[in-house]
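Q: To be precise about what I am sending: the file is called data-v1.cif and holds mmCIF, C-alpha atoms and all ligand atoms.
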data_model
loop_
_atom_site.label_atom_id
_atom_site.label_comp_id
_atom_site.auth_asym_id
_atom_site.auth_seq_id
_atom_site.Cartn_x
_atom_site.Cartn_y
_atom_site.Cartn_z
CA MET A 1 80.36 48.70 70.72
CA LYS A 2 77.57 49.45 73.19
CA CYS A 3 80.13 49.47 75.97
CA LYS A 4 82.33 51.94 74.06
CA ARG A 5 79.36 54.26 73.50
CA PHE A 6 78.50 54.01 77.19
CA MET A 7 82.08 54.91 78.16
CA LEU A 8 82.06 57.86 75.73
CA GLY A 9 78.75 58.97 77.27
CA ILE A 10 80.24 58.86 80.77
CA LEU A 11 83.31 60.78 79.58
CA GLY A 12 81.06 63.40 77.97
CA CYS A 13 79.15 63.83 81.23
CA VAL A 14 82.39 64.22 83.22
CA VAL A 15 83.66 66.89 80.80
CA LEU A 16 80.30 68.71 80.91
CA VAL A 17 80.05 68.63 84.70
CA SER A 18 83.66 69.79 85.21
CA GLY A 19 83.05 72.56 82.63
CA ILE A 20 79.99 73.77 84.54
CA PHE A 21 81.90 73.49 87.82
CA SER A 22 84.83 75.60 86.60
CA THR A 23 82.41 78.27 85.30
CA VAL A 24 80.76 78.38 88.73
CA GLN A 25 84.20 78.63 90.34
CA ALA A 26 85.19 81.53 88.06
CA LYS A 27 82.05 83.43 89.06
CA GLU A 28 82.31 82.68 92.75
CA TYR A 29 82.67 86.36 93.68
CA ASP A 30 80.65 89.32 92.41
CA HIS A 31 83.11 92.14 93.03
CA GLU A 32 86.81 92.87 93.28
CA VAL A 33 88.89 95.76 94.53
CA LYS A 34 92.63 95.91 94.07
CA ASN A 35 95.33 98.21 95.35
CA LYS A 36 98.83 97.46 94.09
CA LYS A 37 99.62 93.86 95.09
CA ILE A 38 96.55 93.03 97.17
CA SER A 39 93.02 92.21 96.06
CA PHE A 40 89.74 91.67 97.86
CA PHE A 41 86.92 89.69 96.21
CA TRP A 42 83.48 89.26 97.72
CA LYS A 43 79.94 88.07 97.34
CA VAL A 44 77.10 88.68 99.75
CA GLN A 45 74.92 85.62 100.32
CA GLY A 46 71.98 86.41 102.60
CA ASP A 47 73.40 87.31 105.97
CA ILE A 48 76.96 86.21 105.28
CA ILE A 49 79.74 87.54 103.10
CA ALA A 50 82.09 85.23 101.19
CA ILE A 51 85.56 86.75 100.87
CA LYS A 52 88.82 86.08 99.08
CA VAL A 53 91.94 88.10 99.88
CA THR A 54 95.03 87.53 97.78
CA ALA A 55 98.40 89.29 97.81
CA GLU A 56 101.98 88.96 96.63
CA THR A 57 103.44 87.63 99.84
CA LYS A 58 104.49 84.34 101.41
CA GLY A 59 103.40 85.67 104.80
CA TRP A 60 100.00 86.71 106.15
CA VAL A 61 97.22 88.54 104.31
CA GLY A 62 94.44 90.36 106.11
CA ILE A 63 91.29 92.41 105.88
CA GLY A 64 89.65 94.68 108.43
CA PHE A 65 86.21 96.28 108.42
CA ASN A 66 85.06 99.57 109.86
CA PRO A 67 87.71 100.78 112.30
CA SER A 68 86.98 103.86 114.40
CA LYS A 69 90.56 105.17 114.02
CA LYS A 70 93.50 103.55 112.17
CA MET A 71 93.20 99.86 113.24
CA LYS A 72 91.14 100.49 116.39
CA ASP A 73 87.78 98.66 116.60
CA ALA A 74 88.21 97.04 113.19
CA ASN A 75 86.78 93.61 112.58
CA PHE A 76 89.84 91.75 111.23
CA VAL A 77 90.45 88.40 109.58
CA LEU A 78 94.06 87.39 109.00
CA GLY A 79 95.47 84.23 107.49
CA TYR A 80 98.57 82.57 106.15
CA VAL A 81 99.48 79.26 104.55
CA LYS A 82 102.28 77.14 105.94
CA ASN A 83 103.19 73.78 104.40
CA GLY A 84 99.88 73.79 102.55
CA LYS A 85 97.86 74.34 105.73
CA VAL A 86 95.79 77.51 106.15
CA GLU A 87 95.79 79.25 109.51
CA ILE A 88 93.09 81.86 109.94
CA ARG A 89 92.10 84.14 112.80
CA ASP A 90 89.20 86.44 113.70
CA ASP A 91 90.77 89.49 115.38
CA PHE A 92 89.68 92.81 116.81
CA GLY A 93 91.50 96.13 116.64
CA LYS A 94 92.36 96.72 120.29
CA SER A 95 94.06 100.04 119.68
CA LYS A 96 95.09 102.25 116.76
CA THR A 97 98.14 100.02 116.27
CA SER A 98 97.28 96.57 117.65
CA HIS A 99 94.84 93.71 117.28
CA LYS A 100 94.03 90.52 119.19
CA PRO A 101 91.99 87.37 118.56
CA ASP A 102 88.33 87.92 119.55
CA SER A 103 88.50 84.64 121.48
CA LYS A 104 91.30 85.99 123.69
CA LEU A 105 89.22 89.08 124.50
CA GLY A 106 86.20 87.08 125.63
CA GLY A 107 84.47 87.08 122.24
CA THR A 108 84.05 84.33 119.65
CA SER A 109 85.76 83.30 116.45
CA ASP A 110 83.16 83.75 113.71
CA VAL A 111 85.25 83.14 110.62
CA VAL A 112 84.61 80.02 108.53
CA LEU A 113 87.54 78.98 106.40
CA THR A 114 86.65 77.95 102.85
CA GLY A 115 90.07 77.78 101.18
CA GLY A 116 93.61 79.00 100.90
CA THR A 117 96.79 78.53 98.92
CA GLU A 118 100.32 79.78 98.65
CA LYS A 119 101.68 79.45 95.12
CA GLY A 120 104.42 81.30 93.31
CA GLY A 121 104.79 83.84 96.11
CA ILE A 122 101.06 84.59 96.21
CA THR A 123 99.01 83.88 99.31
CA THR A 124 95.24 83.56 99.07
CA ILE A 125 92.73 82.99 101.84
CA GLU A 126 89.01 82.38 101.42
CA PHE A 127 86.37 82.43 104.12
CA THR A 128 82.87 83.43 105.02
CA PHE A 129 81.87 85.81 107.79
CA PRO A 130 78.46 86.83 109.20
CA LEU A 131 77.49 90.41 108.34
CA LYS A 132 76.29 90.79 111.93
CA SER A 133 77.89 88.13 114.12
CA GLY A 134 76.53 89.54 117.36
CA ASP A 135 80.01 89.36 118.91
CA LYS A 136 80.93 92.74 120.39
CA TYR A 137 84.40 92.26 118.89
CA ASP A 138 83.02 92.24 115.33
CA SER A 139 81.92 95.58 113.93
CA GLU A 140 78.98 95.11 111.57
CA ILE A 141 79.58 94.77 107.85
CA ASN A 142 77.17 96.86 105.77
CA ALA A 143 76.20 94.83 102.71
CA ASN A 144 74.00 97.66 101.38
CA GLY A 145 76.48 100.49 101.21
CA ASP A 146 79.79 101.96 102.28
CA ASN A 147 82.34 100.39 104.61
CA ILE A 148 85.89 101.29 105.49
CA VAL A 149 87.97 98.32 104.42
CA LEU A 150 91.58 97.84 105.51
CA LEU A 151 93.76 95.53 103.46
CA ALA A 152 97.26 94.53 104.42
CA TYR A 153 99.91 91.86 104.04
CA GLY A 154 103.03 90.92 105.92
CA SER A 155 106.48 90.14 104.60
CA GLY A 156 107.61 86.55 103.94
CA ARG A 157 107.30 85.20 107.47
CA ASP A 158 104.40 82.88 108.30
CA GLY A 159 102.63 83.83 111.52
CA PHE A 160 100.33 86.59 112.78
CA THR A 161 102.78 88.91 114.46
CA ALA A 162 104.94 90.41 111.72
CA ARG A 163 103.95 93.98 110.93
CA HIS A 164 102.56 94.85 107.51
CA LYS A 165 104.79 95.27 104.53
CA PHE A 166 101.88 97.06 102.86
CA ARG A 167 98.61 98.42 104.19
CA THR A 168 95.82 100.45 102.69
CA ALA A 169 92.41 101.81 103.65
CA LEU A 170 89.54 102.08 101.18
CA ARG A 171 85.94 103.11 101.20
CA VAL A 172 84.02 100.27 99.55
CA ASN A 173 80.35 100.03 98.67
CA LEU A 174 79.76 96.30 99.07
CA ALA A 175 76.48 96.45 97.11
CA THR A 176 77.77 98.18 93.99
CA GLY A 177 81.52 97.45 94.12
CA ASP A 178 82.35 101.18 93.91
CA PHE A 179 85.45 102.06 95.89
CA LYS A 180 87.87 104.84 96.68
CA ILE A 181 91.40 104.40 97.98
CA LEU A 182 91.73 106.59 101.08
CA LYS A 183 95.30 105.72 102.15
C1 LIG B 201 99.95 91.72 112.12
C2 LIG B 201 100.21 92.61 112.98
C3 LIG B 201 100.04 94.10 112.80
C4 LIG B 201 100.81 95.03 113.41
C5 LIG B 201 101.96 94.76 114.37
C6 LIG B 201 100.35 96.32 112.98
C7 LIG B 201 100.88 97.52 113.41
C8 LIG B 201 100.49 98.76 112.98
C9 LIG B 201 101.05 100.02 113.41
C10 LIG B 201 102.17 100.15 114.41
C11 LIG B 201 100.40 101.00 112.75
C12 LIG B 201 100.63 102.52 112.88
C13 LIG B 201 101.83 102.93 112.13
C14 LIG B 201 101.63 102.78 110.64
O1 LIG B 201 100.77 103.51 110.11
O2 LIG B 201 102.31 101.95 110.04
C15 LIG B 201 99.44 100.38 111.88
C16 LIG B 201 98.61 101.05 111.02
C17 LIG B 201 97.77 100.46 110.13
N1 LIG B 201 97.47 99.11 110.03
FE1 LIG B 201 98.33 97.64 111.12
N2 LIG B 201 99.31 96.16 112.11
C18 LIG B 201 99.07 94.82 111.98
C19 LIG B 201 98.08 94.22 111.20
C20 LIG B 201 97.23 94.90 110.34
C21 LIG B 201 96.22 94.30 109.53
C22 LIG B 201 95.86 92.82 109.51
C23 LIG B 201 95.65 95.29 108.79
C24 LIG B 201 94.54 95.27 107.77
C25 LIG B 201 94.00 94.20 107.31
C26 LIG B 201 96.30 96.52 109.16
C27 LIG B 201 96.01 97.75 108.63
C28 LIG B 201 96.57 98.94 109.02
C29 LIG B 201 96.26 100.21 108.43
C30 LIG B 201 95.30 100.45 107.26
C31 LIG B 201 97.01 101.17 109.13
C32 LIG B 201 97.03 102.66 108.88
C33 LIG B 201 95.86 103.27 109.53
C34 LIG B 201 95.81 104.75 109.32
O3 LIG B 201 96.86 105.40 109.16
O4 LIG B 201 94.68 105.25 109.32
N3 LIG B 201 97.25 96.25 110.12
N4 LIG B 201 99.50 99.01 112.04
#
Mind turning the file's structure into structure tokens?
Ligand code: HEM

A:
Amino acid sequence: MKCKRFMLGILGCVVLVSGIFSTVQAKEYDHEVKNKKISFFWKVQGDIIAIKVTAETKGWVGIGFNPSKKMKDANFVLGYVKNGKVEIRDDFGKSKTSHKPDSKLGGTSDVVLTGGTEKGGITTIEFTFPLKSGDKYDSEINANGDNIVLLAYGSGRDGFTARHKFRTALRVNLATGDFKILK
């Protein structure tokens, strides 16, 4: 009898803990912006930003911060999921229409992967990034106000080279979550 009660107690604890855990998971991000089939979720935690980008594609999804013109000078992170494995890259907008890994330009990769899935034709990547990495190939991310945010996804092909099937530019206030779709 005592043993049964003990087991029920353990079971109760497991249910409680997993309940709390899933609530924490659901509230992992403070804000969301969405344009058509791509969404960007974020939460600022001290001097880093935790990000989730999810889109209706089996190919890559990406985000870019604060370009000077089109894609030029943007601080990009791109990722895709192949056979359950997430590939992620910290890139820099080399020109209005091209980007390269920071590490290939003499900079550093500052992205920290925290998750990623591809399910039912939806690819999701999750990562953290420093607001101010110090790398000259990362434009600063302004946690207290407006940023230009580029969101894009490729077609079905896994890899970093396929051009976007969809791209958009938004002005996003990372502190309040207010945003305006620019393009
Ligand atoms: C993966 C390889 C990529 C290639 C080959 C590529 C190529 C290009 C080219 C040729 C243009 C100019 C023509 C056009 O407007 O379509 C362009 C514009 C643009 N790209 Fe990319 N791109 C890539 C990745 C990305 C990523 C990862 C993002 C954002 C996360 C992005 C966001 C944009 C945006 C927002 C524009 C329009 C900019 C404007 O008109 O102001 N691109 N891209």

Q: Using only C-alpha atoms and all ligand atoms, which protein or nucleic acid residues are at most 8 Å from ligand LIG 201 (chain B), as a PDB file with C-alpha atoms, keeping the file's coordinate frame?

A:
ATOM      1  CA  TRP A  60     100.000  86.710 106.150  1.00  0.00           C
ATOM      2  CA  VAL A  61      97.220  88.540 104.310  1.00  0.00           C
ATOM      3  CA  GLY A  62      94.440  90.360 106.110  1.00  0.00           C
ATOM      4  CA  ILE A  63      91.290  92.410 105.880  1.00  0.00           C
ATOM      5  CA  GLY A  64      89.650  94.680 108.430  1.00  0.00           C
ATOM      6  CA  LYS A  69      90.560 105.170 114.020  1.00  0.00           C
ATOM      7  CA  LYS A  70      93.500 103.550 112.170  1.00  0.00           C
ATOM      8  CA  MET A  71      93.200  99.860 113.240  1.00  0.00           C
ATOM      9  CA  PHE A  76      89.840  91.750 111.230  1.00  0.00           C
ATOM     10  CA  VAL A  77      90.450  88.400 109.580  1.00  0.00           C
ATOM     11  CA  LEU A  78      94.060  87.390 109.000  1.00  0.00           C
ATOM     12  CA  LYS A  96      95.090 102.250 116.760  1.00  0.00           C
ATOM     13  CA  THR A  97      98.140 100.020 116.270  1.00  0.00           C
ATOM     14  CA  SER A  98      97.280  96.570 117.650  1.00  0.00           C
ATOM     15  CA  HIS A  99      94.840  93.710 117.280  1.00  0.00           C
ATOM     16  CA  VAL A 149      87.970  98.320 104.420  1.00  0.00           C
ATOM     17  CA  LEU A 150      91.580  97.840 105.510  1.00  0.00           C
ATOM     18  CA  LEU A 151      93.760  95.530 103.460  1.00  0.00           C
ATOM     19  CA  ALA A 152      97.260  94.530 104.420  1.00  0.00           C
ATOM     20  CA  TYR A 153      99.910  91.860 104.040  1.00  0.00           C
ATOM     21  CA  GLY A 154     103.030  90.920 105.920  1.00  0.00           C
ATOM     22  CA  PHE A 160     100.330  86.590 112.780  1.00  0.00           C
ATOM     23  CA  THR A 161     102.780  88.910 114.460  1.00  0.00           C
ATOM     24  CA  ALA A 162     104.940  90.410 111.720  1.00  0.00           C
ATOM     25  CA  ARG A 163     103.950  93.980 110.930  1.00  0.00           C
ATOM     26  CA  HIS A 164     102.560  94.850 107.510  1.00  0.00           C
ATOM     27  CA  ARG A 167      98.610  98.420 104.190  1.00  0.00           C
ATOM     28  CA  THR A 168      95.820 100.450 102.690  1.00  0.00           C
ATOM     29  CA  ALA A 169      92.410 101.810 103.650  1.00  0.00           C
ATOM     30  CA  LYS A 183      95.300 105.720 102.150  1.00  0.00           C
TER      31      LYS A 183
END

Q: How far is it from atom CA of Lys72 of chain A to atom CA of Thr124 of chain A, in Å with one decimal?

A: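 Distance between the two atoms: 24.6 Å.
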
Q: So, with all atoms listed in the file as the atoms that count, which of A:Asp146, A:Lys136, A:Glu56, A:Leu113 lies closest to Gly93 of chain A?

A: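 The shortest atom-to-atom distance to Gly93 of chain A comes from A:Lys136.
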
Q: List the neighbours of Lys104 of chain A out to 12 Å using all atoms listed in the file; skip same-chain residues closer than 5 positions along the sequence, and give me the result as a list in words.

A: Arg89, Asp90, Asp91, Phe92, Lys94, His99, Ser109 and Tyr137 of chain A

Q: Using all atoms listed in the file, list the residues that have an atom at most 8 Å from (80.5, 87.3, 113.5), coordinates as in the file, as a PyMOL selection string.

A: chain A and resi 108-111+129-135+138

Q: In Å to one decimal, how far is atom CA of Tyr29 of chain A from atom CA of Ser68 of chain A?

A: 27.5 Å

Q: Excluding same-chain residues fewer than 2 positions from Ser139 of chain A, what lies within 8 Å of it counting all atoms listed in the file, as a PyMOL selection string?

A: chain A and resi 65-67+73-75+132+136-137+141
